[in-house]
file start-v6.csv (CSV, C-alpha atoms)
chain,number,residue,atom,x,y,z
A,1,MET,CA,0.0,0.0,0.0
A,2,ASN,CA,1.3,3.3,-1.0
A,3,ASP,CA,-0.5,6.2,0.7
A,4,PRO,CA,1.2,9.5,0.3
A,5,ALA,CA,-1.2,11.3,2.7
A,6,GLY,CA,-0.6,8.8,5.4
A,7,SER,CA,3.2,8.3,4.9
A,8,ASN,CA,5.9,9.6,7.1
A,9,MET,CA,7.5,11.5,4.1
A,10,LYS,CA,7.7,15.2,4.5
A,11,ARG,CA,6.7,17.5,1.6
A,12,VAL,CA,8.4,20.8,1.0
A,13,LEU,CA,7.8,23.4,-1.7
A,14,ILE,CA,10.5,26.0,-2.6
A,15,VAL,CA,9.1,29.1,-4.3
A,16,GLU,CA,12.1,30.8,-5.9
A,17,ASP,CA,12.9,32.3,-9.3
A,18,ASN,CA,16.7,32.3,-9.0
A,19,ALA,CA,17.8,29.1,-10.6
A,20,PHE,CA,21.2,29.0,-8.9
A,21,PHE,CA,19.9,29.5,-5.4
A,22,LEU,CA,17.0,27.1,-6.0
A,23,GLN,CA,19.3,24.3,-7.2
A,24,PHE,CA,21.7,24.9,-4.3
A,25,PHE,CA,18.8,25.0,-1.7
A,26,ARG,CA,17.2,21.8,-3.2
A,27,GLU,CA,20.5,19.9,-3.1
A,28,THR,CA,21.2,21.1,0.5
A,29,LEU,CA,17.8,20.0,1.7
A,30,HIS,CA,18.1,16.7,-0.1
A,31,SER,CA,21.5,15.9,1.3
A,32,ARG,CA,20.4,16.7,4.9
A,33,PHE,CA,17.0,15.1,4.6
A,34,PRO,CA,17.0,12.4,2.0
A,35,SER,CA,13.5,11.2,2.8
A,36,MET,CA,12.0,14.6,2.1
A,37,GLU,CA,9.9,15.2,-1.0
A,38,ILE,CA,11.0,18.5,-2.5
A,39,SER,CA,9.0,20.4,-5.2
A,40,GLN,CA,9.6,23.8,-6.7
A,41,ALA,CA,7.8,26.7,-8.3
A,42,ALA,CA,9.1,29.8,-9.9
A,43,ASN,CA,6.0,32.1,-9.4
A,44,GLY,CA,2.8,32.4,-7.5
A,45,GLU,CA,0.5,30.8,-10.0
A,46,GLU,CA,2.7,27.7,-10.2
A,47,ALA,CA,3.1,27.6,-6.4
A,48,MET,CA,-0.7,27.7,-5.7
A,49,GLN,CA,-1.2,24.8,-8.2
A,50,LYS,CA,1.4,22.7,-6.5
A,51,ILE,CA,0.1,23.5,-3.0
A,52,GLU,CA,-3.4,22.4,-4.1
A,53,ILE,CA,-2.0,19.1,-5.4
A,54,LEU,CA,0.9,18.3,-3.1
A,55,ARG,CA,-0.2,19.8,0.2
A,56,PRO,CA,3.3,20.5,1.4
A,57,GLU,CA,4.0,20.9,5.1
A,58,VAL,CA,6.5,23.7,4.6
A,59,VAL,CA,6.8,26.4,1.9
A,60,PHE,CA,10.1,28.3,1.6
A,61,MET,CA,9.0,31.6,-0.1
A,62,ASP,CA,11.2,34.2,-1.8
A,63,VAL,CA,10.0,37.7,-1.3
A,64,ARG,CA,10.7,38.9,-4.9
A,65,LEU,CA,9.0,36.8,-7.5
A,66,PRO,CA,7.9,37.5,-11.1
A,67,GLY,CA,4.3,38.9,-11.0
A,68,GLU,CA,2.9,38.5,-7.5
A,69,SER,CA,5.2,39.1,-4.5
A,70,GLY,CA,6.0,36.3,-2.1
A,71,LEU,CA,4.4,38.3,0.7
A,72,GLU,CA,1.1,38.5,-1.2
A,73,LEU,CA,1.3,34.8,-2.0
A,74,THR,CA,2.0,34.1,1.7
A,75,LYS,CA,-1.2,35.9,2.7
A,76,LYS,CA,-3.2,33.7,0.2
A,77,ILE,CA,-1.5,30.5,1.4
A,78,LYS,CA,-2.2,31.2,5.1
A,79,ALA,CA,-5.8,32.1,4.3
A,80,GLN,CA,-6.5,28.9,2.5
A,81,TYR,CA,-4.0,26.5,4.3
A,82,PRO,CA,-3.3,27.9,7.8
A,83,ASP,CA,-1.4,24.8,8.9
A,84,ILE,CA,1.2,25.1,6.2
A,85,ILE,CA,4.4,26.6,7.6
A,86,VAL,CA,5.6,29.5,5.4
A,87,VAL,CA,9.2,30.5,5.7
A,88,ILE,CA,10.1,33.8,4.0
A,89,ILE,CA,13.6,33.7,2.5
A,90,THR,CA,15.2,36.8,1.2
A,91,ASN,CA,18.5,38.5,0.5
A,92,TYR,CA,17.2,41.6,2.3
A,93,ASP,CA,17.4,41.1,6.1
A,94,LEU,CA,15.7,44.5,6.9
A,95,PRO,CA,13.2,45.5,9.6
A,96,GLU,CA,10.6,46.5,7.0
A,97,TYR,CA,10.8,43.1,5.3
A,98,ARG,CA,10.4,41.4,8.7
A,99,GLU,CA,7.4,43.5,9.5
A,100,ALA,CA,5.9,42.8,6.0
A,101,ALA,CA,6.5,39.1,6.6
A,102,TYR,CA,4.8,39.3,10.0
A,103,GLU,CA,1.8,41.1,8.4
A,104,SER,CA,1.6,38.4,5.8
A,105,ARG,CA,1.3,35.8,8.5
A,106,ALA,CA,4.6,34.1,7.7
A,107,ASP,CA,5.8,31.7,10.3
A,108,HIS,CA,9.5,32.4,10.0
A,109,PHE,CA,11.8,34.9,8.3
A,110,ILE,CA,15.4,34.1,7.3
A,111,SER,CA,18.0,35.6,5.1
A,112,LYS,CA,19.3,33.5,2.3
A,113,ASP,CA,22.9,33.7,3.6
A,114,SER,CA,21.9,32.2,6.9
A,115,PHE,CA,19.4,29.5,5.8
A,116,LEU,CA,21.9,26.7,6.1
A,117,LYS,CA,22.3,27.3,9.8
A,118,ILE,CA,18.6,27.0,10.5
A,119,ILE,CA,17.3,24.3,8.3
A,120,ASN,CA,17.7,21.8,11.1
A,121,SER,CA,16.0,24.0,13.6
A,122,ILE,CA,12.9,24.4,11.4
A,123,PHE,CA,12.5,20.6,11.2
A,124,GLN,CA,13.8,19.8,14.6
A,125,ASP,CA,10.3,18.9,16.0
A,126,ARG,CA,9.2,17.2,12.8
A,127,ASN,CA,10.9,13.8,13.2
A,128,ILE,CA,12.9,14.2,10.0
A,129,ASP,CA,16.4,12.7,9.5
A,130,GLN,CA,18.7,15.0,11.5
A,131,ASP,CA,22.4,14.9,12.0
A,132,ASP,CA,23.4,17.8,14.2
A,133,PRO,CA,20.9,20.5,14.9
A,134,ASN,CA,22.5,23.8,15.8
A,135,PRO,CA,21.2,24.9,19.2
A,136,ASP,CA,22.7,28.4,18.7
A,137,VAL,CA,20.5,29.2,15.7
A,138,HIS,CA,18.1,32.1,15.9
A,139,ILE,CA,14.9,31.9,13.9
A,140,HIS,CA,12.6,34.9,13.7
A,141,PRO,CA,9.1,33.5,14.3
A,142,THR,CA,5.9,35.5,14.1
A,143,PRO,CA,4.8,36.2,17.7
A,144,PRO,CA,2.0,33.6,18.5
A,145,ALA,CA,-0.2,36.0,20.4
A,146,ASN,CA,-0.6,38.2,17.4
A,147,ARG,CA,-0.7,35.6,14.7
A,148,THR,CA,-4.5,35.3,14.6
A,149,ASP,CA,-5.1,39.1,14.4
A,150,GLU,CA,-6.7,39.8,11.1
A,151,LYS,CA,-6.1,43.6,11.3
A,152,ARG,CA,-3.4,45.6,13.0
A,153,ASN,CA,-4.0,49.2,14.1
call {"tool": "encode", "arguments": {"input": "start-v6.csv", "output": "structure tokens"}}
result
Amino acid sequence: MNDPAGSNMKRVLIVEDNAFFLQFFRETLHSRFPSMEISQAANGEEAMQKIEILRPEVVFMDVRLPGESGLELTKKIKAQYPDIIVVIITNYDLPEYREAAYESRADHFISKDSFLKIINSIFQDRNIDQDDPNPDVHIHPTPPANRTDEKRN
């Protein structure tokens, strides 16, 4: 019996338009977590189609995408699939980007240059193959108390 919905395999979607970073990220995830099913999308439309079909547990979302921004796409994903973990990945580790990610209801925000350090931390509680999680990693989660607020004053 092969039941993808009931299996222990973890599904991840990477939404990224930079082919070099996408390939590097995919290879890194696969080498660290060989049992993970990794899919990719280059824009919002493709991402929403894949989310509907694959139902990933985690979406790694670039901020700057062709057409719709990753932040707008994150809002849509969280409205339709609130249990999917959305991790914003960007080259721009700026306070205004963090605030925009928070307002989009993203679960985490990381800069691309530091993502290698925190991959283990994101999956630490997910029972995925892990070698050596780094306890000194700092993830920037959305504050839980405000996560359900629909409007901010």
call {"tool": "closest_residue", "arguments": {"input": "start-v6.csv", "among": "A:Val63, A:Ala79, A:Ile51, A:Ala106", "to": "Tyr92 (chain A)", "atoms": "all atoms listed in the file"}}
result
A:Val63
call {"tool": "residues_around", "arguments": {"input": "start-v6.csv", "residues": "Lys75 (chain A)", "least_positions_apart": "2", "cutoff": "10 Å", "atoms": "all atoms listed in the file", "output": "NGL selection string"}}
result
:A and (70-73 or 77-82 or 86 or 101 or 103-106)
call {"tool": "residues_around", "arguments": {"input": "start-v6.csv", "residues": "Ile89 (chain A)", "least_positions_apart": "4", "cutoff": "7 Å", "atoms": "only C-alpha atoms", "output": "PDB file with C-alpha atoms, keeping the file's coordinate frame"}}
result
ATOM      1  CA  PHE A  60      10.100  28.300   1.600  1.00  0.00           C
ATOM      2  CA  MET A  61       9.000  31.600  -0.100  1.00  0.00           C
ATOM      3  CA  ASP A  62      11.200  34.200  -1.800  1.00  0.00           C
ATOM      4  CA  VAL A  63      10.000  37.700  -1.300  1.00  0.00           C
ATOM      5  CA  PHE A 109      11.800  34.900   8.300  1.00  0.00           C
ATOM      6  CA  ILE A 110      15.400  34.100   7.300  1.00  0.00           C
ATOM      7  CA  SER A 111      18.000  35.600   5.100  1.00  0.00           C
ATOM      8  CA  LYS A 112      19.300  33.500   2.300  1.00  0.00           C
TER       9      LYS A 112
END
call {"tool": "residues_near_point", "arguments": {"input": "start-v6.csv", "point": "(8.0, 22.0, -3.0)", "cutoff": "7 Å", "atoms": "only C-alpha atoms", "output": "VMD selection string"}}
result
chain A and resid 11 to 14 38 to 40 56 59
call {"tool": "residues_near_point", "arguments": {"input": "start-v6.csv", "point": "(8.1, 28.3, -10.3)", "cutoff": "7 Å", "atoms": "all atoms listed in the file", "output": "MDAnalysis selection string"}}
result
chainID A and resid 15:17 40:43 46:47
call {"tool": "write_last_selection", "arguments": {"input": "start-v6.csv", "atoms": "C-alpha atoms", "output": "CSV table (one decimal), in the frame of the given file"}}
result
chain,number,residue,atom,x,y,z
A,15,VAL,CA,9.1,29.1,-4.3
A,16,GLU,CA,12.1,30.8,-5.9
A,17,ASP,CA,12.9,32.3,-9.3
A,40,GLN,CA,9.6,23.8,-6.7
A,41,ALA,CA,7.8,26.7,-8.3
A,42,ALA,CA,9.1,29.8,-9.9
A,43,ASN,CA,6.0,32.1,-9.4
A,46,GLU,CA,2.7,27.7,-10.2
A,47,ALA,CA,3.1,27.6,-6.4
call {"tool": "closest_residue", "arguments": {"input": "start-v6.csv", "among": "A:Lys50, A:His30, A:Val58, A:Pro66", "to": "Ile88 (chain A)", "atoms": "only C-alpha atoms"}}
result
A:Val58
call {"tool": "atom_distance", "arguments": {"input": "start-v6.csv", "atom1": "CA of Phe21 (chain A)", "atom2": "CA of His108 (chain A)"}}
result
18.8 Å
call {"tool": "atom_distance", "arguments": {"input": "start-v6.csv", "atom1": "CA of Glu57 (chain A)", "atom2": "CA of Lys76 (chain A)"}}
result
15.5 Å
call {"tool": "atom_distance", "arguments": {"input": "start-v6.csv", "atom1": "CA of Asn18 (chain A)", "atom2": "CA of Ser35 (chain A)"}}
result
24.4 Å
